[in-house]
Structures are given as structure tokens and as C-alpha cells.
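Colleague: Quick one, data-v3.cif (mmCIF, C-alpha atoms):
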```
data_model
loop_
_atom_site.label_atom_id
_atom_site.label_comp_id
_atom_site.auth_asym_id
_atom_site.auth_seq_id
_atom_site.Cartn_x
_atom_site.Cartn_y
_atom_site.Cartn_z
CA MET A 1 -8.22 47.26 19.46
CA LYS A 2 -9.59 44.19 21.25
CA LEU A 3 -11.02 41.55 18.94
CA HIS A 4 -13.48 38.95 20.24
CA PHE A 5 -13.07 35.65 18.40
CA THR A 6 -14.19 32.04 18.38
CA LYS A 7 -11.75 29.27 17.47
CA MET A 8 -13.50 26.44 15.62
CA HIS A 9 -12.51 23.42 13.58
CA GLY A 10 -14.08 20.98 11.18
CA THR A 11 -12.14 17.68 11.30
CA GLY A 12 -9.08 19.58 12.50
CA ASN A 13 -9.20 22.28 9.79
CA ASP A 14 -9.16 25.22 12.21
CA TYR A 15 -10.13 28.84 11.66
CA ILE A 16 -10.64 31.96 13.74
CA TYR A 17 -14.24 33.23 13.46
CA VAL A 18 -15.29 36.83 14.02
CA ASP A 19 -18.82 38.28 14.09
CA CYS A 20 -18.69 41.39 11.87
CA SER A 21 -22.41 42.12 12.02
CA LYS A 22 -21.87 45.31 14.06
CA ARG A 23 -18.38 46.34 13.02
CA PRO A 24 -16.38 45.22 9.96
CA LEU A 25 -12.74 44.26 10.42
CA SER A 26 -10.25 46.49 8.63
CA ASN A 27 -7.22 44.96 6.93
CA PRO A 28 -8.31 41.30 7.30
CA GLU A 29 -5.36 40.11 5.17
CA LYS A 30 -2.79 41.39 7.66
CA THR A 31 -4.89 40.25 10.61
CA ALA A 32 -5.14 36.72 9.17
CA VAL A 33 -1.36 36.47 8.88
CA LYS A 34 -0.81 37.74 12.42
CA LEU A 35 -3.46 35.66 14.16
CA SER A 36 -2.74 32.43 12.24
CA ASP A 37 0.83 32.25 13.58
CA ARG A 38 0.83 29.11 15.72
CA HIS A 39 3.88 30.19 17.73
CA ARG A 40 3.22 33.87 18.38
CA SER A 41 -0.58 34.16 18.31
CA ILE A 42 -3.79 32.11 18.30
CA GLY A 43 -2.77 29.78 15.49
CA SER A 44 -5.05 28.61 12.68
CA ASP A 45 -5.40 27.76 9.01
CA GLY A 46 -6.89 31.20 8.50
CA LEU A 47 -9.51 33.78 9.44
CA ILE A 48 -13.24 33.71 8.63
CA LEU A 49 -15.40 36.82 9.00
CA VAL A 50 -19.20 36.56 9.22
CA TYR A 51 -21.42 39.39 7.95
CA PRO A 52 -25.15 39.92 7.37
CA ASP A 53 -26.10 39.66 3.72
CA GLU A 54 -28.84 40.96 1.44
CA GLU A 55 -29.06 37.85 -0.75
CA ALA A 56 -28.57 35.14 1.89
CA ASP A 57 -28.88 34.70 5.64
CA PHE A 58 -25.17 35.47 6.13
CA ARG A 59 -21.98 36.08 4.16
CA MET A 60 -18.57 34.62 4.92
CA SER A 61 -15.19 36.03 3.95
CA MET A 62 -12.20 33.75 4.41
CA PHE A 63 -8.50 34.55 4.45
CA ASN A 64 -5.78 31.93 4.40
CA ALA A 65 -2.87 31.87 6.81
CA ASP A 66 -0.73 33.75 4.27
CA GLY A 67 -3.31 36.54 3.99
CA SER A 68 -4.66 35.55 0.58
CA GLU A 69 -8.43 35.56 0.22
CA GLY A 70 -10.07 32.20 -0.44
CA LEU A 71 -13.14 31.60 -2.54
CA MET A 72 -14.73 28.88 -0.46
CA CYS A 73 -13.99 26.51 2.43
CA GLY A 74 -16.07 23.41 3.05
CA ASN A 75 -15.00 22.87 6.65
CA GLY A 76 -15.17 26.60 7.23
CA ILE A 77 -18.72 27.03 5.99
CA ARG A 78 -19.96 24.19 8.21
CA CYS A 79 -18.47 26.01 11.19
CA VAL A 80 -20.08 29.27 10.05
CA GLY A 81 -23.46 27.57 10.37
CA SER A 82 -22.67 26.34 13.87
CA PHE A 83 -21.14 29.73 14.78
CA VAL A 84 -24.17 31.86 13.89
CA TYR A 85 -26.50 29.40 15.65
CA SER A 86 -24.41 29.22 18.83
CA LYS A 87 -24.10 33.02 18.94
CA GLY A 88 -27.88 33.44 18.72
CA LEU A 89 -27.58 35.31 15.42
CA THR A 90 -30.27 32.97 14.04
CA ARG A 91 -32.64 30.26 15.23
CA LYS A 92 -32.92 28.75 11.77
CA THR A 93 -31.47 25.31 11.13
CA GLN A 94 -31.78 25.69 7.34
CA LEU A 95 -29.40 28.45 6.30
CA SER A 96 -28.03 30.12 3.19
CA ILE A 97 -24.46 31.45 3.25
CA ASN A 98 -23.05 33.72 0.56
CA THR A 99 -19.44 33.09 -0.52
CA LEU A 100 -17.20 34.24 -3.34
CA SER A 101 -18.18 30.96 -5.04
CA GLY A 102 -21.89 31.67 -4.70
CA ILE A 103 -24.62 30.90 -2.18
CA ARG A 104 -24.43 27.58 -0.34
CA HIS A 105 -27.28 25.97 1.63
CA LEU A 106 -26.74 24.36 5.02
CA SER A 107 -28.73 21.97 7.22
CA LEU A 108 -27.76 22.08 10.89
CA HIS A 109 -28.02 18.88 12.95
CA LEU A 110 -28.57 19.54 16.67
CA ASP A 111 -27.37 17.29 19.47
CA GLU A 112 -29.33 16.49 22.65
CA GLN A 113 -28.17 19.78 24.21
CA GLY A 114 -29.42 21.76 21.22
CA ALA A 115 -25.97 22.56 19.82
CA ALA A 116 -25.28 22.43 16.08
CA THR A 117 -22.40 19.97 16.13
CA SER A 118 -22.87 18.52 12.64
CA VAL A 119 -23.76 20.23 9.38
CA THR A 120 -24.70 19.12 5.87
CA VAL A 121 -23.79 21.49 3.05
CA ASP A 122 -25.11 21.57 -0.48
CA MET A 123 -21.76 22.33 -2.10
CA GLY A 124 -23.24 23.05 -5.52
CA LYS A 125 -22.23 21.32 -8.71
CA ALA A 126 -18.72 20.08 -9.37
CA SER A 127 -17.08 21.14 -12.63
CA LEU A 128 -14.54 19.23 -14.68
CA ASP A 129 -14.18 22.01 -17.25
CA PRO A 130 -10.49 23.04 -17.38
CA ALA A 131 -11.34 26.70 -18.00
CA SER A 132 -13.52 26.93 -14.89
CA ILE A 133 -10.96 25.34 -12.57
CA PRO A 134 -8.72 26.84 -14.14
CA VAL A 135 -6.11 24.52 -15.67
CA LEU A 136 -4.08 25.38 -18.77
CA ALA A 137 -4.56 22.05 -20.53
CA ASP A 138 -5.85 21.54 -24.07
CA VAL A 139 -8.26 18.73 -23.17
CA ASP A 140 -12.02 18.52 -22.54
CA GLN A 141 -11.46 17.22 -18.99
CA VAL A 142 -8.28 16.87 -16.95
CA ILE A 143 -8.53 13.19 -16.02
CA ASP A 144 -5.33 11.13 -15.58
CA TYR A 145 -3.40 13.99 -17.18
CA LEU A 146 0.37 13.51 -16.87
CA LEU A 147 2.08 16.36 -15.02
CA ALA A 148 5.82 16.51 -14.34
CA ILE A 149 6.66 17.58 -10.79
CA GLY A 150 10.33 17.52 -9.95
CA GLN A 151 11.76 14.29 -11.32
CA LYS A 152 8.44 12.43 -11.38
CA GLU A 153 5.27 12.34 -13.46
CA TYR A 154 1.90 12.28 -11.73
CA LYS A 155 -1.53 11.42 -13.11
CA ILE A 156 -3.76 14.31 -12.07
CA THR A 157 -7.53 14.75 -12.16
CA CYS A 158 -8.75 18.33 -11.72
CA VAL A 159 -12.09 19.46 -10.30
CA SER A 160 -13.63 22.79 -9.37
CA MET A 161 -15.75 22.93 -6.24
CA GLY A 162 -15.98 26.70 -6.53
CA ASN A 163 -12.24 26.63 -5.90
CA PRO A 164 -9.54 24.70 -7.79
CA HIS A 165 -8.44 21.16 -6.93
CA CYS A 166 -5.94 18.70 -8.32
CA VAL A 167 -6.40 15.08 -7.18
CA VAL A 168 -3.66 12.45 -7.31
CA PHE A 169 -4.41 8.81 -6.46
CA GLY A 170 -1.77 6.59 -4.95
CA GLU A 171 -0.78 4.54 -1.93
CA ASP A 172 1.34 4.87 1.20
CA LEU A 173 0.27 8.42 1.96
CA ASP A 174 2.28 8.46 5.18
CA ALA A 175 5.53 8.35 3.21
CA LEU A 176 4.49 11.18 0.88
CA PRO A 177 7.00 14.09 0.99
CA LEU A 178 4.19 16.65 1.04
CA GLU A 179 6.32 19.51 2.37
CA SER A 180 8.52 19.33 -0.73
CA ILE A 181 6.08 18.44 -3.50
CA GLY A 182 3.06 20.39 -2.21
CA PRO A 183 4.46 23.82 -3.14
CA LEU A 184 5.51 22.49 -6.57
CA PHE A 185 1.94 21.49 -7.33
CA GLU A 186 0.48 24.67 -5.84
CA CYS A 187 2.61 27.02 -7.93
CA HIS A 188 2.96 25.00 -11.15
CA PRO A 189 2.45 27.22 -14.25
CA ILE A 190 -0.39 24.99 -15.46
CA PHE A 191 -2.47 26.39 -12.56
CA PRO A 192 -2.72 30.16 -13.14
CA GLN A 193 -4.52 30.77 -9.83
CA ARG A 194 -2.52 28.18 -7.88
CA ILE A 195 -4.13 24.92 -6.78
CA ASN A 196 -5.24 22.84 -3.82
CA THR A 197 -3.77 19.36 -4.16
CA GLU A 198 -5.30 16.20 -2.72
CA PHE A 199 -3.38 12.93 -2.48
CA ALA A 200 -5.96 10.16 -2.14
CA GLU A 201 -5.87 6.43 -1.54
CA VAL A 202 -8.81 4.14 -2.37
CA LEU A 203 -9.48 1.91 0.66
CA SER A 204 -12.75 0.51 -0.71
CA HIS A 205 -15.48 1.50 -3.15
CA ARG A 206 -17.03 3.72 -0.44
CA HIS A 207 -13.98 4.79 1.53
CA LEU A 208 -11.07 7.08 0.62
CA ARG A 209 -8.11 8.29 2.65
CA MET A 210 -6.67 11.71 1.86
CA ARG A 211 -3.93 14.20 2.65
CA VAL A 212 -4.12 17.75 1.34
CA TRP A 213 -1.84 20.66 0.50
CA GLU A 214 -3.95 23.84 0.49
CA ARG A 215 -2.90 26.90 -1.45
CA GLY A 216 -1.98 29.63 0.97
CA SER A 217 -1.95 27.38 4.04
CA GLY A 218 0.21 24.32 3.32
CA GLU A 219 -0.77 20.92 4.67
CA THR A 220 -3.89 21.05 6.80
CA MET A 221 -5.69 18.47 8.90
CA ALA A 222 -8.64 18.47 6.50
CA CYS A 223 -10.16 20.20 3.48
CA GLY A 224 -13.90 19.92 2.88
CA THR A 225 -13.89 21.04 -0.74
CA GLY A 226 -10.85 18.82 -1.28
CA ALA A 227 -12.72 15.81 0.09
CA CYS A 228 -15.57 16.61 -2.30
CA ALA A 229 -13.17 16.93 -5.23
CA SER A 230 -11.50 13.63 -4.34
CA VAL A 231 -14.82 11.78 -4.32
CA VAL A 232 -15.82 13.35 -7.65
CA ALA A 233 -12.46 12.32 -9.11
CA ALA A 234 -12.81 8.79 -7.70
CA ILE A 235 -16.26 8.43 -9.25
CA VAL A 236 -15.27 9.69 -12.71
CA LYS A 237 -12.35 7.25 -12.60
CA GLY A 238 -14.67 4.38 -11.63
CA TYR A 239 -13.34 3.78 -8.12
CA CYS A 240 -16.55 4.70 -6.26
CA PRO A 241 -20.30 4.54 -7.05
CA ARG A 242 -22.32 7.61 -8.02
CA ASP A 243 -25.02 9.01 -5.72
CA GLU A 244 -23.94 7.03 -2.65
CA GLU A 245 -22.28 8.16 0.58
CA VAL A 246 -18.49 7.91 0.46
CA THR A 247 -16.42 8.33 3.62
CA VAL A 248 -13.23 10.37 3.29
CA THR A 249 -10.74 9.88 6.12
CA LEU A 250 -8.46 12.87 6.65
CA LEU A 251 -5.79 13.56 9.25
CA GLY A 252 -8.41 15.32 11.38
CA GLY A 253 -11.29 12.87 11.02
CA ASP A 254 -13.99 11.69 8.61
CA LEU A 255 -16.31 13.49 6.20
CA SER A 256 -19.27 11.98 4.35
CA ILE A 257 -19.58 12.99 0.69
CA ARG A 258 -22.25 12.24 -1.92
CA TYR A 259 -21.94 13.13 -5.61
CA GLY A 260 -25.45 13.17 -7.08
CA ASP A 261 -26.50 12.19 -10.56
CA ASP A 262 -27.22 15.84 -11.37
CA GLY A 263 -23.66 16.87 -10.49
CA THR A 264 -24.48 18.29 -7.04
CA VAL A 265 -22.16 17.41 -4.16
CA TRP A 266 -23.29 17.14 -0.53
CA MET A 267 -20.90 17.12 2.41
CA THR A 268 -21.67 16.22 6.02
CA GLY A 269 -19.26 16.62 8.89
CA PRO A 270 -18.60 18.04 12.35
CA ALA A 271 -18.39 21.71 13.35
CA VAL A 272 -16.68 22.10 16.72
CA ILE A 273 -16.11 25.13 18.95
CA ALA A 274 -12.66 24.84 20.51
CA TYR A 275 -12.68 28.01 22.60
CA GLU A 276 -13.48 31.71 22.65
CA GLY A 277 -11.28 34.64 23.57
CA VAL A 278 -10.14 38.21 23.11
CA VAL A 279 -6.96 39.25 21.33
CA GLU A 280 -5.31 42.64 20.90
CA ILE A 281 -4.76 43.63 17.26
#
```
What is this structure when it is put down as C-alpha cells?
Modeller:
Amino acid sequence: MKLHFTKMHGTGNDYIYVDCSKRPLSNPEKTAVKLSDRHRSIGSDGLILVYPDEEADFRMSMFNADGSEGLMCGNGIRCVGSFVYSKGLTRKTQLSINTLSGIRHLSLHLDEQGAATSVTVDMGKASLDPASIPVLADVDQVIDYLLAIGQKEYKITCVSMGNPHCVVFGEDLDALPLESIGPLFECHPIFPQRINTEFAEVLSHRHLRMRVWERGSGETMACGTGACASVVAAIVKGYCPRDEEVTVTLLGGDLSIRYGDDGTVWMTGPAVIAYEGVVEI
């Protein structure tokens, strides 16, 4: 079977996008593993399938590089908006996308050539409730909670952005042994559904730097929901102001995040088409 695909990235967080409006893709878990291999196939952080939807304009299904299904992807959903617009599946610049974390609303920003190269997403409301993240901790909110990883204790702050996040603030991110500690965070028993872990550094009251270990994918160039979670964590800890734009610098580029007074989080960032092709599966 020949599969037509579009390779896209949001700040370097790259996925393979497939239009499933006419034909659904069988066994997406296995396909995600095969196509995400950076040495033997296309290479990506995962696979995102786009379907029509009865409740929203479109529905996205995402699968990580290890084949596990993800609830939500901030960089991925921005690219979904650009994907459906570039493919002529819609002429709308205000879109609703259904995900396993609920419906998200997008605003597409067009460049001079009429391409949707930047997208703002209403990411919904952040939650600090341990049960909704979930985190097995007997506290009202997991803020500066001490967690032993290996031979070291880390202060963690946990946030749900429709998927689970653990944020650790520190310095000298370049020296961080993410390949060794990332899996220990991801699979720690306190996180029954595994966890995405963000390591953030406060550069100023409106600027964070971040590296991320994503469950199911390892370290990635960027994580949109992780950037949102990091800004929420920074605000509840008093590092950044509420309801103002905060820049998050990731390995793949910058995202702009705003955490509103009502708990809603908005994310703005690029959505870039790398190339299109056909692969045999």
C-alpha cells in the first residue's frame, strides 16, 4: 500500500501527517513505529492522522514514535491547522479540532503568500489537581514536591494540559544528562500513566528556556503542551507574571505562551511543511 504523507514540524517537533478523510489508516500504532525510524524510514517524533469530525471541523489522532497513542500535542495541533488549510480541506482560518483531550480552537495566521505559517491555539484550562494529571501524591497541588530520581532529589511541579507534565526548574540545561534521567522520570511509579518532563530555566520574568523528555518519544526539539505547562508552573511559583506573553525557547525555536486569569492557556508558534512524499507500508 502506498501512503501519501506530509512531513511537518512546529519548532522542530516533527510529525508525519496523513489525510484520512477518504480512507482510514489501519494499524496506526505499528505504522507510527515503522515510519518514525530516523535511520530506516521517514523519521519523526510520531504520526498524526487527520479525520473529518461530527463535533468539530476535524479530528486528530496522534501516535508517538513507540506506537503509543497520545492524548494531545501542542506543536502537532498547530500543524494540523496548517495542514488542512494547505490541502484545501477548508478555507476557514478559525478552526476547531477534536482530540482525546477535548476540542481545541485554532486561529490561523496567513503570510503574504496566503500560507498558514503561524497558529494560535486555545489550549484550554490548565489543571494542577493531582488526580487529573495524574500524580500519586497526597497533596492539594504538586508544587515543589520532592521526588527522588536516582541518587538525587528534584523539586517537581506537575500540570495537566490535557496530558501529564512534570516541570523541574534549574540551570545549565546543556549539561543535563537527559538520556539517563528522562526515562526515570517518565516511568516513575508516582506517575501511573507515565509523564512528560520539562527541565526549565528562568532567563527573565517573561522568558524561559526548556528541554523536554516526552513519554513515548524521548527528547524532542520542542513540546507545545510542555511549554504551556512550564509557563503555568513558572507563574504559580512566582517567576513570571499572569496573563502576559511569555517566550519559551526550546531546542527547535521559540513559542509564545499566555496563561490567562481564568486558567486558559494560549500558545502561538510556527507550523512548517518540510516536504511531502509517498511511502510503501
Colleague: Determine, counting all atoms listed in the file, every residue of protein, DNA or RNA that lies within 12 Å of (-4.8, 22.2, -18.8) in the file coordinates, then give the result as a PyMOL selection string.
Modeller: chain A and resi 128-147+156-159+166+188-192
Colleague: Please, which residues in region 151-199 of chain A fall within 12 Å of region 98-113 of chain A when counting all atoms listed in the file, and what is the closest atom pair and distance in Å to one decimal for each, ordered by chain then residue number, as a Markdown table?
Modeller:
```
| residue | atom | partner | partner_atom | distance |
| --- | --- | --- | --- | --- |
| A:Ser160 | CA | A:Ser101 | CA | 10.3 |
| A:Met161 | CA | A:Ser101 | CA | 8.5 |
| A:Gly162 | CA | A:Ser101 | CA | 5.0 |
| A:Asn163 | CA | A:Ser101 | CA | 7.4 |
| A:Pro164 | CA | A:Ser101 | CA | 11.0 |
```
Colleague: Kindly save the residues from that selection, with C-alpha atoms included, as an mmCIF file, in the frame of the given file.
Modeller:
```cif
data_model
loop_
_atom_site.group_PDB
_atom_site.id
_atom_site.type_symbol
_atom_site.label_atom_id
_atom_site.label_comp_id
_atom_site.auth_asym_id
_atom_site.auth_seq_id
_atom_site.Cartn_x
_atom_site.Cartn_y
_atom_site.Cartn_z
ATOM 1 C CA SER A 160 -13.630 22.790 -9.370
ATOM 2 C CA MET A 161 -15.750 22.930 -6.240
ATOM 3 C CA GLY A 162 -15.980 26.700 -6.530
ATOM 4 C CA ASN A 163 -12.240 26.630 -5.900
ATOM 5 C CA PRO A 164 -9.540 24.700 -7.790
#
```
Colleague: Hey, what's within 9 Å of region 114-126 of chain A if we count all atoms listed in the file and toss same-chain stuff fewer than 6 positions away? As number ranges by chain, please?
Modeller: A: 74, 77-79, 81-83, 85-86, 93, 102-108, 159-162, 225, 228-229, 232, 259-260, 262-273
Colleague: Suppose you want the space between CA of Pro52 (chain A) and CA of Arg215 (chain A); what is it in Å?
Modeller: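 The value is 27.2 Å.
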Colleague: Residues near region 10-19 of chain A, anyone? I mean within 8 Å using all atoms listed in the file, not counting same-chain ones fewer than 3 positions away, as a PyMOL selection string.
Modeller: chain A and resi 4-7+22+44-51+75-76+78-80+83+220-223+250-255+269-272
Colleague: Given the choices A:His205, A:Glu171, A:Ser68, A:Glu214, which gets closest to Phe185 (chain A) if the distance is worked out from all atoms listed in the file?
Modeller: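 The closest residue to Phe185 (chain A) is A:Glu214.
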Colleague: Choose the residue, out of A:Cys73, A:Asn64, A:Val278, A:Glu55, that has the smallest atom-to-atom separation from Leu95 (chain A); count only C-alpha atoms.
Modeller: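 With only C-alpha atoms as the atom set, the closest residue is A:Glu55.
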Colleague: Between A:Trp213, A:Val167, A:Gln193, A:Gly218, which has the minimum distance to Ser230 (chain A) (counting all atoms listed in the file)?
Modeller: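 Looking only at the distances to Ser230 (chain A), the closest residue turns out to be A:Val167.
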Colleague: Which is closer to Leu176 (chain A) than all the others in A:Leu203, A:Ala148, A:Ile235, A:Met210, using only C-alpha atoms?
Modeller: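 Counting only C-alpha atoms, the residue closest to Leu176 (chain A) is A:Met210.
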